[in-house]
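Everything below belongs to target_8.txt, which stores compact mmCIF, C-alpha atoms.
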# COMPACT_ATOMS: atom_id res chain seq x y z
CA MET A 1 179.58 -13.55 92.99
CA THR A 2 183.15 -14.63 93.58
CA LEU A 3 185.80 -16.08 91.35
CA ALA A 4 185.66 -19.33 93.34
CA ARG A 5 181.99 -19.56 92.42
CA LEU A 6 182.86 -19.48 88.73
CA SER A 7 185.43 -22.26 89.00
CA ARG A 8 183.13 -24.79 90.67
CA PRO A 9 184.91 -28.15 91.23
CA HIS A 10 183.51 -31.39 89.85
CA LYS A 11 182.72 -34.45 91.92
CA ALA A 12 185.45 -37.04 91.81
CA GLY A 13 185.10 -39.34 88.83
CA THR A 14 182.91 -37.02 86.76
CA SER A 15 183.80 -35.03 83.70
CA ARG A 16 181.97 -32.38 81.74
CA PHE A 17 183.21 -34.05 78.56
CA CYS A 18 181.99 -37.60 79.15
CA LEU A 19 178.89 -38.49 77.13
CA LYS A 20 177.12 -41.83 77.24
CA SER A 21 176.43 -42.76 73.64
CA ASP A 22 174.41 -45.83 74.59
CA ARG A 23 171.81 -43.81 76.52
CA LYS A 24 168.43 -43.80 74.83
CA ALA A 25 165.63 -41.30 75.20
CA ILE A 26 163.36 -42.32 78.04
CA HIS A 27 160.01 -40.65 78.42
CA PRO A 28 158.28 -41.30 81.73
CA LYS A 29 154.61 -40.59 81.25
CA GLY A 30 152.36 -38.39 83.33
CA ALA A 31 148.66 -39.06 83.85
CA ASN A 32 147.85 -37.98 80.28
CA GLY A 33 150.55 -40.14 78.69
CA VAL A 34 153.00 -37.25 78.28
CA MET A 35 155.88 -36.28 80.55
CA THR A 36 154.93 -33.39 82.83
CA LEU A 37 156.84 -30.16 83.30
CA ASP A 38 157.58 -31.15 86.91
CA GLU A 39 159.04 -34.50 85.78
CA ILE A 40 161.22 -32.76 83.20
CA ARG A 41 162.37 -30.19 85.77
CA GLY A 42 163.25 -32.96 88.25
CA ILE A 43 165.29 -34.87 85.69
CA LEU A 44 167.20 -31.71 84.74
CA ILE A 45 167.89 -30.78 88.37
CA ASP A 46 169.13 -34.28 89.18
CA HIS A 47 171.39 -34.32 86.11
CA ILE A 48 172.85 -30.87 86.71
CA MET A 49 173.48 -31.57 90.40
CA ASP A 50 175.18 -34.87 89.61
CA LYS A 51 177.11 -33.90 86.48
CA PHE A 52 178.27 -30.45 87.58
CA GLY A 53 178.93 -31.14 91.26
CA VAL A 54 176.15 -29.05 92.80
CA GLU A 55 175.89 -29.83 96.50
CA PRO A 56 172.42 -30.70 97.87
CA ASP A 57 172.69 -27.94 100.49
CA ASP A 58 173.50 -25.22 97.90
CA ASP A 59 170.77 -22.66 98.67
CA GLU A 60 171.55 -20.64 95.54
CA PHE A 61 170.78 -23.53 93.19
CA THR A 62 167.09 -23.13 92.36
CA PRO A 63 165.06 -23.75 89.18
CA ASP A 64 165.30 -20.01 88.46
CA VAL A 65 169.03 -19.41 89.04
CA HIS A 66 170.98 -18.33 85.95
CA LEU A 67 173.15 -21.41 85.42
CA PHE A 68 175.86 -19.52 83.53
CA ASP A 69 176.03 -16.25 85.47
CA TYR A 70 176.32 -18.14 88.77
CA GLY A 71 179.01 -20.47 87.43
CA TYR A 72 177.11 -23.75 87.63
CA ILE A 73 177.67 -24.42 83.91
CA ASP A 74 180.23 -23.03 81.44
CA SER A 75 180.35 -23.26 77.64
CA PHE A 76 181.62 -26.85 77.72
CA GLY A 77 178.86 -27.70 80.19
CA ALA A 78 176.29 -26.09 77.88
CA THR A 79 177.38 -28.43 75.10
CA GLU A 80 177.13 -31.44 77.42
CA LEU A 81 173.72 -30.33 78.71
CA THR A 82 172.44 -29.88 75.15
CA ALA A 83 173.60 -33.41 74.28
CA PHE A 84 171.91 -34.72 77.44
CA VAL A 85 168.63 -32.99 76.58
CA GLU A 86 168.67 -34.38 73.07
CA SER A 87 169.50 -37.94 74.12
CA ARG A 88 167.42 -38.12 77.32
CA PHE A 89 164.27 -36.45 76.03
CA GLY A 90 164.55 -37.29 72.33
CA VAL A 91 164.22 -33.68 71.19
CA GLU A 92 166.38 -31.81 68.72
CA VAL A 93 167.95 -28.55 69.87
CA THR A 94 168.54 -26.58 66.68
CA LYS A 95 170.77 -23.57 66.11
CA LYS A 96 167.59 -21.55 65.71
CA ASP A 97 166.37 -22.80 69.12
CA LEU A 98 169.64 -21.69 70.71
CA MET A 99 169.36 -18.25 69.11
CA THR A 100 165.66 -17.59 69.79
CA THR A 101 164.92 -19.38 73.06
CA SER A 102 166.26 -18.34 76.44
CA MET A 103 167.68 -21.46 78.11
CA ASN A 104 169.64 -20.08 81.04
CA THR A 105 167.69 -21.57 83.95
CA VAL A 106 166.33 -25.02 84.74
CA ASN A 107 162.79 -23.65 84.37
CA GLU A 108 163.56 -22.18 80.94
CA ILE A 109 165.16 -25.41 79.72
CA ALA A 110 162.31 -27.50 81.13
CA SER A 111 159.74 -25.26 79.42
CA PHE A 112 161.61 -25.59 76.12
CA ILE A 113 161.64 -29.40 76.40
CA ALA A 114 157.98 -29.47 77.43
CA SER A 115 157.02 -27.41 74.39
CA LYS A 116 158.90 -29.82 72.13
CA LEU A 117 157.24 -32.84 73.78
CA GLY A 118 153.78 -31.32 74.06
CA ALA A 119 153.85 -31.62 77.88
CA ASN A 120 151.72 -29.78 80.40
Translate the structure described by the file into structure tokens.
Amino acid sequence: MTLARLSRPHKAGTSRFCLKSDRKAIHPKGANGVMTLDEIRGILIDHIMDKFGVEPDDDEFTPDVHLFDYGYIDSFGATELTAFVESRFGVEVTKKDLMTTSMNTVNEIASFIASKLGAN
């Protein structure tokens, strides 16, 4: 890991601090009427790639990469991602959740959301 990796640039016109307050929770439904883990994972990947400037050809960005250790997201980004999860999926991320649940990878975050939504 290099220092340049930790100071990943943003795409032009994006900011880690910009939140859309008019966004409402949207729950696409799987075959059983509940969002699937794969749908949740896809939404998270798309958001992280767009919001944090991850290039599509970045081979290190996988659902299992540690988002913080590899410099994809910093503490400000964690706050933004938490707000996105709450608004997009309509789940509450409590202080207890943050203390007891590992949410360092896309897969871990997706599993957390799926458990809150009752997804498969």
Option closest in space to Phe84 in chain A, from A:Leu67, A:Val54, A:Ala114, A:Ile48 [counting all atoms listed in the file]: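 Of the candidates, the smallest distance to Phe84 in chain A is held by A:Ile48.
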State, in Å with one decimal place, the distance from CA of Tyr72 in chain A to CA of Phe52 in chain A.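 One can read the CA of Tyr72 in chain A to CA of Phe52 in chain A distance as 6.8 Å.
A straight line drawn from CA of Glu60 in chain A to CA of Asp38 in chain A is 19.5 Å long.
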With distances taken over only C-alpha atoms, which residue among A:Asp69, A:Asp74, A:Glu80, A:Asp64 lies nearest Glu108 in chain A?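 Ranking A:Asp69, A:Asp74, A:Glu80, A:Asp64 by distance to Glu108 in chain A, first place goes to A:Asp64.
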Let me make sure I understand: among A:Arg41, A:Ser102, A:Leu117, A:Met49, which one has the smallest atom-to-atom distance to Phe89 in chain A if we use all atoms listed in the file?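 For Phe89 in chain A, the nearest of the given residues is A:Leu117.
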Choose the residue, out of A:Val65, A:Ala78, A:Met35, A:Ile73, that has the smallest atom-to-atom separation from Val93 in chain A; count all atoms listed in the file. A:Ala78
Taking every listed atom of range 47-50 of chain A and adding 8 Å to each side, what centre and edge lengths in Å (one decimal) does the axis-aligned box have, as JSON?
{"center_x": 173.3, "center_y": -32.9, "center_z": 88.3, "size_x": 19.8, "size_y": 20.0, "size_z": 20.3}
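Shortest atom-to-atom contact with Ser115 in chain A among A:Leu81, A:Ile43, A:Leu98, A:Val91: A:Val91, counting only C-alpha atoms.
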Just give me the gap between CA of Gly118 in chain A and CA of Leu37 in chain A in Å, one decimal is fine.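 So the two atoms, CA of Gly118 in chain A and CA of Leu37 in chain A, lie 9.8 Å apart.
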Closest of A:Tyr70, A:Thr101, A:Ile113, A:Ser75 to Ser87 in chain A - atom-to-atom distances counting only C-alpha atoms: A:Ile113
